[in-house]
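Presented below is the structure to which this report refers.
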Amino acid sequence: MSIWVCIFIMALVTYLIRMLPLVLIRRKIENRFLRSFLYYLPYITLSAMTFPAILTETTYIWSGAAALIVAVLLSLRKKSLITVALAASATVLVVEGVTNYIVNGAFF
Amino acid sequence: MLSRKNAFIKGLHDGIPIGLGYFAVAIAIGIAAHRAGMSIVQAGVMSFTNVTSAGEAAAVGLLAAGTTYLEMALTQLVINIRYLLMSCALSQKFPADMPLIHRFCVSFGVTDEIFAITAAKTGAVSPFYCYGAFAVAIPGWTIGTLVGAWVGSILPTAVVTALGVSLYGMFAAIVVPPAKENHVIAGSALAAMAMSFLLTVLPVLKNLSSGFRIIIVTVLVSAAAAFFFPLKDEDGKERST
């Protein structure tokens, strides 16, 4: 396993996905199932990637859970991508700091 | 259509908020890449050549867990397959007589955000508009990754853990607003999370790598959503994510 080979494979696959339709297809996609499948796909992929992974990325399960709740609440209020991203991080920092303080008597 | 120069300048302008957002999010990618064993240069080259947050985040996760070239290729294919639809939509946005070389070049930077600003323009779009947006967005993404990989080793663990979660926050910000308007998206997102959770706890199935778990959930839930709730004729045909 070479990291350089991995990067090359990633870049190649990703470029082909982006390039082939732009170069080959100039007509609008008419197939209803395919159009619907591709329409729903990004939301489903991102959801599957987020949960339950967010719970295990953090030191404690509840700090990840709190970050997810905060991110969803802010997203419901249509806050920008960067605001939501940073608020999720801040939540983890605060929740883990408080937990550490209760358990060890020190924030970090 | 604008002249090449004006189109490029307009693209630069519209690309600024994208570049700034990318810079911040890419820091988390850089940190994760460095932790997964990539050098600073490798992290930077990955971002410059891939320009995809979800794809790179998944790749870094796979590298950290140990993976194969085939698994890496399939994961990129599935995670980034949404670009296929975006590129299809964009193929309609450029002039029919546009030289083929521009189609090859524009393809390089089809991200969710670049797609969004390009698809949102009315009428034919000059490829130079996209090049203008690339000129801000791609350096923002690459430099953010380099900075993340570079300071990631200096930052306290608590801060690194916290920043790593920012990507999931970004995903929520992409999924939740349309889910609020569309109950099928909301239901699919919840079903995807439930299924993803089950596949991490059920016996035998929990041994699947995270890449294949995401592939299985994505294909099954998307197919179910498309089968039971097909889009109406013009609904969301150029919906950005």
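Ligands are numbered from 1 in the order shown, chains are lettered A, B, ... in the order of the structure tokens, and residues start at 1 in each chain.
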Requested in this report: Just the residues within 9 Å of Leu63 of chain B, please, counting only C-alpha atoms, with nothing from its chain fewer than 2 positions along; format it as a VMD selection string.
Outcome: (chain A and resid 3 6) or (chain B and resid 33 36 to 38 58 to 61 65 to 68 72)
Report task. Select all residues from chain B having any atom no more than 6 Å from an atom of chain A (counting only C-alpha atoms, ignoring ligands), output as a PyMOL selection string. Result -> chain B and resi 21+46+49-50+82-84+87-88+91+103+107+162-163+165-166+168-173+175-177+189+192-193+196-197+218+222-223+226+230-231
